[in-house]
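K.L.:
Here it is: the structure, laid out below.
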There are 2 protein chains.
Amino acid sequence: MDKAELLAVARGECPADVVFRRGRLINVLSGEIHPADLAVAGGVVIGWGDYDGREVIDLDGAWLAPGLLDAHVHIESSLLGVGEFARAVAVHGTTGAFVDPHEVANVCGAAGVEYVLEAARRVPIDLYVNVPSCVPASPYDDPGAVLDAAAVADLLARDGVLGLAEMMNFPATIGGDPEVLAKLAAAGDRPRDGHAPGIRGRDVMAYSLAGPESDHECTSADEALERLRAGAYLFLREGSATRNLEALLPVLNEHNSRRLCFCCDDIQSGDLVAEGHLDRIVRKAIGLGIDPVTAVQMASLNTAERFRVDGRVGALAPGRSADLIVVDDLARFEVRDTWKAGRRIAANGQALFESPATDDSALRDSVRVAPLDDRAFELPWPGGPARVIEVYPELILTGSTTAEPKTAGGLLVSDPARDLLKAACLERHSATGKVGLGLVTGFKLTRGALASTVGHDSHNITVVGVTDAAMVRAVRAVVAAGGGLAVADDQRVLACLPLPLAGLMSDAPVHEVAAGCRELAEAARSLGTPLPDPFMTLSFVSLSVIPRLRLTPRGLVDVDRFELVGLHV
Amino acid sequence: MDKAELLAVARGECPADVVFRRGRLINVLSGEIHPADLAVAGGVVIGWGDYDGREVIDLDGAWLAPGLLDAHVHIESSLLGVGEFARAVAVHGTTGAFVDPHEVANVCGAAGVEYVLEAARRVPIDLYVNVPSCVPASPYDDPGAVLDAAAVADLLARDGVLGLAEMMNFPATIGGDPEVLAKLAAAGDRPRDGHAPGIRGRDVMAYSLAGPESDHECTSADEALERLRAGAYLFLREGSATRNLEALLPVLNEHNSRRLCFCCDDIQSGDLVAEGHLDRIVRKAIGLGIDPVTAVQMASLNTAERFRVDGRVGALAPGRSADLIVVDDLARFEVRDTWKAGRRIAANGQALFESPATDDSALRDSVRVAPLDDRAFELPWPGGPARVIEVYPELILTGSTTAEPKTAGGLLVSDPARDLLKAACLERHSATGKVGLGLVTGFKLTRGALASTVGHDSHNITVVGVTDAAMVRAVRAVVAAGGGLAVADDQRVLACLPLPLAGLMSDAPVHEVAAGCRELAEAARSLGTPLPDPFMTLSFVSLSVIPRLRLTPRGLVDVDRFELVGLHV
C-alpha cells in the first residue's frame, strides 16, 4: 500500500487489515498505558480509534507492546543458525536484534558476515548487522581471518550493515592506535558500540572521546554511572552466563532511563527455550520493581533511539512498522503473539515461519587441521613447576597458579586426583599443525575429555581431558563432525553436537540443539565435572584478551603481561 | 586537533585548552548534577577529572549546562538579520537553533533560503536550516515565490540543510495531496516538522502517518497528549505572542519527558533583549515546578535527539562539541557566559562576535509596487452591509462580522467612532497593482494609519487607517524604506522602522531594532490604539489559512469556506 492508500485507511475511508480491539497499549512515546483499538494496514500501524478491519482480534484487555529489540547479541553463542535463532526469539516477542557476527567473522572473515547479512534478509524479524571491529581480538590469536580497517570500511558499505560492533580493544582505543581509530572513523556518524570492562577515570573519558557510544560490560553501578555520565548508552546485559541487570539498576533515574537498553550478548538455545529472550529481561526488571512502561521502553524505544532506527521501529504509532506483541499478564510478561510488519510470526510458543534456506557453503568445512597423531598431546616433562590455568564456574576471567605436574615415563600427564588436567589448543583454520599444550584446574573431570571448536575469539579447537586417548578421541569427533562439541572417554564418544556452520553453529532446529546441549551436559557430568556449563568454560580457555592465563595454539598467554609464556615456570 | 591529539589530552599527557574548575555539571545524559572540573580542547569536551589547562576558570560552584537549542524558530519574526539574531540569542545561552526561513522564502524563494544558509555558515552558533514546506501557504496568496515539491527537493540537497520545516498544510496532508506527499517524501528519513493546530482523532492518526514528526501548535494538554501518543515530538512554544508551556505541562511524566522540547517559534527583538530566549523558558519551567535537569534536557538533549544531532551537541560529554553555558543561580537561570565549540562567544550580556558580512543583495529591493496614486484606496459604496474583519489582542485568529459602513460622497470611509477602519492589502512582489480593500475592527485608531511589509505569509503590504491620506503616506514610507513598518498621520510619518532585507528584516543591530520597535509602538499608541502589539496584529490581517476573515491583494478570503468573498455582503 502506498502512502495515499494508507491515509485513506487512517481517515476511515477503507478498512484496515487488522484491528486489535480492546487492547491496553503500552505507549512508550507518551509513557503510559491507554486503551486502544489498534488498526494495522500495509504492514504499518494506522492508529487507534473507531476503525474497521478485515480481521478483528478481540484482545479483551490484553496488553499490546512494541516488538522487543535486543541491543547486542552474538547469534553464534546460541549455537543456532540465523534462521533458527530468529524462530527461537520471535516466539518470545523479539522483532529485532542488533547483531555482532564477531565469532563467525573470526572463522570466515567477510564471508561470515555476508552469510549473516544474507540470512538476515530472509527472516521476518529485523537483524541489524554491525561490523565486527576486533578480528582477531588479540595479536596472539590464530584466527581464520583478519578484518583490518580497510576490510571494516568495505563491510560498512554493504547493504544491510548498520554500524560498527563492540570495540573490544579498549587499551588501543584509549591509546589512540591508528588502526583502531581508522576503524572508528570508517563508521563515521553511524552507530559504534563499545566494550570496555573496568575502565575508570581518564580512561573512561578517552575511550568515550575516541568514539564508542555504548557499553554492555559494566558490572557495578558505580562503573555504570561513570560511563553514563561520559555519554555511553548502557546496555544492561542478561545473558546465559553474565547477568548484570540487578547490579546496575541503582543507576536508573527518571531523567536517564532513555539511555538504558536491554541486551543478552550471549545466550544459549536451552535458555532461549526455557526462559525466553528480551521478555525474560522485562519480566525480571518488573520483578525488581521497575515500572513496566520503563522496562518495555528499555526493550524497545530506547534501543531503537540508540541505533537511530526509531522512526521505523521501537514504538507503536501511526506510520511505524506494525511490530507488536500481545501480553496476557503484565507482571508475568509472557508473550502470547508476535507480529512483525503486520504479520503474525509467532503464536502460543510456536514460530509461524520456517528457517529460510540460505547459502551457507562458505561456513562449511571450516575445520582444517593437520592430521592428528595419537601421540599429538605427548609432552616430555623434565620436572619442576608448571603454570596452571584456573577456571571458575560462570566466570570468563581465569586465574593463574603453578603446580608440580604429574609425570609418567618422563611425560606430563593429567592428575585428576589434584584436578590438574592436560589441555590443548589446536589451530584449525589453516592446518598449520600448531598445538599449544597446558594445564588447567577447575574442570574436575575424573575421566574422559571435552573438545570444542568454539573457542573465543579465534575458535581453534580446545580440548581438556584425563587421558591423551580421550582427548584425541574428542578432538577427532569434532573434526569429523565438521566442527562441534564432543564428550569422549577412553572407549568411545559419549556425546557430540555437530556445529557444521563455521564450527560454531548448528544447522538443526532449536529444540534439537537444546536437546543436544543437554545430552552433552549430562555426558560431561558423567565424567565428574561439577561445572554448570563446562563447554562454556572450555570456550574461554583460549580467550587471550581477558586476564589472566590462557592457552592458544602458540602456547600460554599471560594476559596481565600480555605476552607468551612457557608452560615451565 | 586530530583525534590522536585529543586522546593525548584525555589521557592527561597534554594540557587542555580550558579547564572549568569547581563547576556543577548539569549532566543531561546521566540525569543528575555532579561536581566537575571540565576540560575542553580543540573545540570539544575532553571530560572531567584531574586535568591541567592552559586557561583555568574557577567556577566556584556555578552551574555548567549544555548550550541551549531552540527547536523551531522563524528568525524573521525578530526583525533581525541572521547575524544580529545570533548575537542576540548567544547572550542568552543559545548555541543552536532549528530555523525555518519560511517568511523570507515567501518573498525571495530559494534565494531567501540561500541567504540564511550562507549567513548561518558565518555565525559561531549552529543554525540548522529546514526547508520551508508551504510557500505559498495558501492558494489565495500572492507570494514573491513558489517552492513546489521539486524546489523543495532541490533545497534539501543543499549543504547545511537539515530537513523539512513545519508542514502547515495539514488538511492537504491528511487528505493525501500528492504535492504535499511529494514534499514529505523528498525529505526521506530526515527530520520533518509538523504544524497542525486543533486536529483530533483520526486526523491525528492520518497526519502523523503522512510523515510530520513534531508539533508546536498544541494549546491544551488534551490535544498535546493525543499528539504525543501518536508519535509527535511536542515543541512547547514560548514566543512573544503565543505561550503554551503552562497549559501543556500536565502532559509531562517521567516516561515521556524526552519527547518534549522548547521552542519560541516567533520572538521579537525587544523580548529577546528584555526577557531572553531559551533561558527564559527554562527559568519559567523551573518556576512552574519542573525539575531543573528535566527543564535543561528540554532545551538541549531532547531537541538534539529529535533532530538526530545528539552525537555532536545537546550534552556535555567527551568528544561532543564544547557548547556550554555558565549559570550563576539555578532557579533564576541567568546565563553568565556562553561558549561554542570551546570559544567564549558571549559574556555578561554582551556578544563577543560581530555580525558577519553576508551577501544580502538578493533580499534587497524586494518591494516592487505599482505607482501608488493618492486615490488608490478610494472605494465607491452603494450602501448596504459590508464584511468586517475582527482582530483581537494577542490572537492570530480573526473574527468575521458585518456592519453598514460609513460613506462620504459615495465613497466608503473609516468610521473611528465605531472602530470601523479601512484596510488595504497591496501586492508588492511583482508590481501587479493588485489591491484588496476591506474593513477591520479592533485597532481602535482615532487618527492616522499603520503600514507594514510584514504580512503573513506572503508579506504583501497591509495598511489600516483612519484616512486615505494617512494610509497612502504610511505605505509610501515603507516603500521608500525598501520595506518596513510605518506609522503616519495626515501630516507626516511619525515613525518608520526600515526592513530592507526582504521587507522583513532590519540590517541594524538588535538594540537599534528593539528601540525602533518601541518608537513604533509609542507612535501607534499616540494614534489611539490600545493593542499591545498593533504591528503583529496587522501582520496577521492577511493570513488566509487561519479563520475567519482575511484581506489579501485579491480581496477578502472567508477561511471557513476557504474562498474569496466580496466586501459587500
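FYI, nothing fancy with the C-alpha cells labels: chains A, B, ... in order, residues from 1 per chain, ligands from 1 as they appear.
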Could you list, as a list in words, the residues of chain A having an atom within 6 Å of chain B when counting only C-alpha atoms?

P.N.:
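So the residues of chain A near chain B are Ala4, Leu7, Ala10, Arg11, Leu29, Ser30, Gly31, Gly47, Gly176, Arg202, Met205, Ala206, Ser208, Leu209, Leu228, Arg229, Ala230, Gly231, Glu254, His255, Asn256, Ala317, Pro318 and Gly319 of chain A.
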
K.L.:
According to DSSP computed on the backbone, where in range 85-257 of chain A is there alpha helix (DSSP H)? Give the residues as JSON, numbers by chain.

P.N.:
{"A": [85, 86, 87, 88, 89, 90, 102, 103, 104, 105, 106, 107, 108, 110, 111, 112, 113, 114, 115, 116, 117, 118, 119, 120, 121, 122, 149, 150, 151, 152, 153, 154, 155, 156, 170, 171, 172, 173, 174, 175, 178, 179, 180, 181, 182, 183, 184, 185, 186, 187, 202, 203, 204, 205, 206, 207, 208, 209, 210, 221, 222, 223, 224, 225, 226, 227, 228, 229, 245, 246, 247, 248]}

K.L.:
Asp193 in chain B: which residues within 8 Å, counting only C-alpha atoms, same-chain residues fewer than 4 positions away excluded, as a list in words?

P.N.:
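Near neighbours after the sequence-gap exclusion: Leu164, Ala165, Glu166, Met167, Pro212, Glu213, Ser214 and Asp215 of chain B.
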
K.L.:
To one decimal in Å, tell me the separation between CA of Pro382 in chain B and CA of Val413 in chain B.

P.N.:
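Rounded to one decimal, the two atoms are 12.4 Å apart.
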
K.L.:
Measuring between only C-alpha atoms, which one of B:Val327, B:Ala408, B:Ala362, B:Leu69 shows the shortest distance to Ala304 in chain B?

P.N.:
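Of B:Val327, B:Ala408, B:Ala362, B:Leu69, the one nearest Ala304 in chain B is B:Leu69, counting only C-alpha atoms.
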
K.L.:
Report as an mmCIF file with all heavy atoms, in the first residue's frame all protein, DNA and RNA residues lying within 9 Å of Leu352 in chain A, evaluated on only C-alpha atoms, omitting residues in the same chain fewer than 5 positions from it.

P.N.:
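Generated file (part-v1.cif):
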data_model
loop_
_atom_site.group_PDB
_atom_site.id
_atom_site.type_symbol
_atom_site.label_atom_id
_atom_site.label_comp_id
_atom_site.auth_asym_id
_atom_site.auth_seq_id
_atom_site.Cartn_x
_atom_site.Cartn_y
_atom_site.Cartn_z
ATOM 1 N N ARG A 87 13.623 -17.846 14.689
ATOM 2 C CA ARG A 87 12.440 -18.587 15.118
ATOM 3 C C ARG A 87 12.378 -18.670 16.657
ATOM 4 O O ARG A 87 11.308 -18.519 17.256
ATOM 5 C CB ARG A 87 12.460 -19.996 14.527
ATOM 6 C CG ARG A 87 12.046 -20.051 13.054
ATOM 7 C CD ARG A 87 12.334 -21.401 12.391
ATOM 8 N NE ARG A 87 12.012 -22.551 13.213
ATOM 9 C CZ ARG A 87 10.816 -23.133 13.308
ATOM 10 N NH1 ARG A 87 9.805 -22.661 12.594
ATOM 11 N NH2 ARG A 87 10.638 -24.177 14.085
ATOM 12 N N VAL A 91 9.308 -16.202 19.058
ATOM 13 C CA VAL A 91 8.352 -16.792 19.996
ATOM 14 C C VAL A 91 8.286 -15.973 21.294
ATOM 15 O O VAL A 91 7.239 -15.907 21.942
ATOM 16 C CB VAL A 91 8.799 -18.243 20.291
ATOM 17 C CG1 VAL A 91 8.161 -18.776 21.555
ATOM 18 C CG2 VAL A 91 8.524 -19.132 19.084
ATOM 19 N N ARG A 344 1.500 -12.008 11.649
ATOM 20 C CA ARG A 344 1.732 -12.778 12.867
ATOM 21 C C ARG A 344 2.866 -13.761 12.592
ATOM 22 O O ARG A 344 2.765 -14.580 11.670
ATOM 23 C CB ARG A 344 0.459 -13.529 13.254
ATOM 24 C CG ARG A 344 0.510 -14.040 14.694
ATOM 25 C CD ARG A 344 -0.611 -15.000 15.059
ATOM 26 N NE ARG A 344 -1.889 -14.702 14.457
ATOM 27 C CZ ARG A 344 -3.022 -14.491 15.135
ATOM 28 N NH1 ARG A 344 -3.015 -14.539 16.433
ATOM 29 N NH2 ARG A 344 -4.145 -14.273 14.500
ATOM 30 N N ILE A 345 3.939 -13.675 13.342
ATOM 31 C CA ILE A 345 5.086 -14.552 13.089
ATOM 32 C C ILE A 345 5.282 -15.586 14.187
ATOM 33 O O ILE A 345 6.069 -16.514 14.021
ATOM 34 C CB ILE A 345 6.396 -13.753 12.866
ATOM 35 C CG1 ILE A 345 6.749 -12.912 14.109
ATOM 36 C CG2 ILE A 345 6.307 -12.885 11.626
ATOM 37 C CD1 ILE A 345 8.162 -12.339 14.065
ATOM 38 N N ALA A 346 4.602 -15.424 15.306
ATOM 39 C CA ALA A 346 4.680 -16.438 16.363
ATOM 40 C C ALA A 346 3.416 -16.360 17.190
ATOM 41 O O ALA A 346 2.847 -15.275 17.381
ATOM 42 C CB ALA A 346 5.908 -16.224 17.248
ATOM 43 N N ALA A 347 2.983 -17.516 17.655
ATOM 44 C CA ALA A 347 1.771 -17.558 18.478
ATOM 45 C C ALA A 347 1.868 -18.719 19.441
ATOM 46 O O ALA A 347 2.259 -19.833 19.057
ATOM 47 C CB ALA A 347 0.528 -17.709 17.590
#

K.L.:
Residues within 7 Å of range 334-342 of chain A, please, as a list in words. Count only C-alpha atoms; anything in the same chain fewer than 5 positions from it doesn't count.

P.N.:
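Non-adjacent residues within range: Val40, Ala41, Gly43, Val44, Ala90, Val91, His92, Gly93, Thr95, Pro124, Ile125, Asp279, Ser321, Ala322, Asp323, Leu324, Ile325, Val326, Val327, Asp328, Asp329, Ala347 and Asn348 of chain A.
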
K.L.:
Filtering to N, CA and C atoms, could you give me those residues as a JSON list (two decimals), in the first residue's frame?

P.N.:
[["chain", "number", "residue", "atom", "x", "y", "z"],
["A", 40, "VAL", "N", -4.08, -1.76, 11.91],
["A", 40, "VAL", "CA", -2.85, -2.04, 11.16],
["A", 40, "VAL", "C", -3.22, -2.26, 9.70],
["A", 41, "ALA", "N", -2.46, -1.69, 8.79],
["A", 41, "ALA", "CA", -2.66, -1.95, 7.36],
["A", 41, "ALA", "C", -1.34, -1.79, 6.62],
["A", 43, "GLY", "N", 1.23, -3.35, 6.68],
["A", 43, "GLY", "CA", 2.43, -3.61, 7.48],
["A", 43, "GLY", "C", 2.75, -2.53, 8.48],
["A", 44, "VAL", "N", 1.99, -1.44, 8.49],
["A", 44, "VAL", "CA", 2.29, -0.36, 9.44],
["A", 44, "VAL", "C", 1.11, -0.11, 10.36],
["A", 90, "ALA", "N", 11.58, -15.04, 18.09],
["A", 90, "ALA", "CA", 10.28, -14.48, 17.70],
["A", 90, "ALA", "C", 9.19, -14.96, 18.65],
["A", 91, "VAL", "N", 9.31, -16.20, 19.06],
["A", 91, "VAL", "CA", 8.35, -16.79, 20.00],
["A", 91, "VAL", "C", 8.29, -15.97, 21.29],
["A", 92, "HIS", "N", 9.37, -15.32, 21.61],
["A", 92, "HIS", "CA", 9.46, -14.55, 22.85],
["A", 92, "HIS", "C", 9.28, -13.05, 22.64],
["A", 93, "GLY", "N", 8.78, -12.69, 21.48],
["A", 93, "GLY", "CA", 8.41, -11.29, 21.27],
["A", 93, "GLY", "C", 9.48, -10.43, 20.64],
["A", 95, "THR", "N", 11.36, -8.77, 17.78],
["A", 95, "THR", "CA", 11.16, -8.44, 16.37],
["A", 95, "THR", "C", 12.39, -7.79, 15.77],
["A", 124, "PRO", "N", 11.83, -12.98, 8.97],
["A", 124, "PRO", "CA", 10.85, -11.89, 9.09],
["A", 124, "PRO", "C", 11.13, -10.91, 10.23],
["A", 125, "ILE", "N", 12.13, -11.16, 11.06],
["A", 125, "ILE", "CA", 12.48, -10.15, 12.06],
["A", 125, "ILE", "C", 13.66, -9.33, 11.55],
["A", 279, "ASP", "N", 11.85, -10.86, 26.67],
["A", 279, "ASP", "CA", 10.69, -10.97, 27.57],
["A", 279, "ASP", "C", 11.14, -11.37, 28.99],
["A", 321, "SER", "N", 6.38, 0.63, 11.68],
["A", 321, "SER", "CA", 6.18, -0.77, 11.37],
["A", 321, "SER", "C", 5.30, -1.43, 12.45],
["A", 322, "ALA", "N", 4.35, -2.23, 11.99],
["A", 322, "ALA", "CA", 3.43, -2.89, 12.92],
["A", 322, "ALA", "C", 4.12, -4.10, 13.52],
["A", 323, "ASP", "N", 5.11, -3.82, 14.38],
["A", 323, "ASP", "CA", 5.87, -4.84, 15.11],
["A", 323, "ASP", "C", 5.33, -4.83, 16.52],
["A", 324, "LEU", "N", 4.56, -5.84, 16.88],
["A", 324, "LEU", "CA", 3.91, -5.76, 18.18],
["A", 324, "LEU", "C", 3.78, -7.13, 18.82],
["A", 325, "ILE", "N", 3.61, -7.08, 20.12],
["A", 325, "ILE", "CA", 3.40, -8.31, 20.87],
["A", 325, "ILE", "C", 2.13, -8.19, 21.70],
["A", 326, "VAL", "N", 1.52, -9.33, 21.95],
["A", 326, "VAL", "CA", 0.35, -9.40, 22.82],
["A", 326, "VAL", "C", 0.78, -10.12, 24.09],
["A", 327, "VAL", "N", 0.52, -9.47, 25.22],
["A", 327, "VAL", "CA", 0.94, -9.99, 26.53],
["A", 327, "VAL", "C", -0.31, -10.13, 27.40],
["A", 328, "ASP", "N", -0.47, -11.31, 27.99],
["A", 328, "ASP", "CA", -1.70, -11.56, 28.75],
["A", 328, "ASP", "C", -1.66, -11.02, 30.17],
["A", 329, "ASP", "N", -0.47, -11.03, 30.73],
["A", 329, "ASP", "CA", -0.34, -10.61, 32.12],
["A", 329, "ASP", "C", 0.89, -9.73, 32.20],
["A", 347, "ALA", "N", 2.98, -17.52, 17.65],
["A", 347, "ALA", "CA", 1.77, -17.56, 18.48],
["A", 347, "ALA", "C", 1.87, -18.72, 19.44],
["A", 348, "ASN", "N", 1.55, -18.45, 20.71],
["A", 348, "ASN", "CA", 1.48, -19.51, 21.72],
["A", 348, "ASN", "C", 2.72, -20.40, 21.73]]

K.L.:
If we count only C-alpha atoms, what is near Ala71 in chain A at a cut-off of 7 Å, once residues fewer than 6 positions away on the same chain are taken out, given as an MDAnalysis selection string?

P.N.:
chainID A and resid 97:98 235 261:263 303

K.L.:
Where in range 25-273 of chain B does DSSP assign strand (DSSP E), given as number ranges by chain?

P.N.:
B: 25-27, 32-41, 44-48, 53-58, 63-66, 68-73, 94-99, 126-131, 161-167, 192-194, 214-215, 233-237, 260-263

K.L.:
I'd like the contact shell of Arg237 in chain B - 12 Å cut-off, only C-alpha atoms, skipping same-chain residues fewer than 4 positions apart - returned as a ChimeraX atom specification.

P.N.:
/B:70-73,195,215-220,224,241-249,260-267,277-278,280-282,284-285,298-299
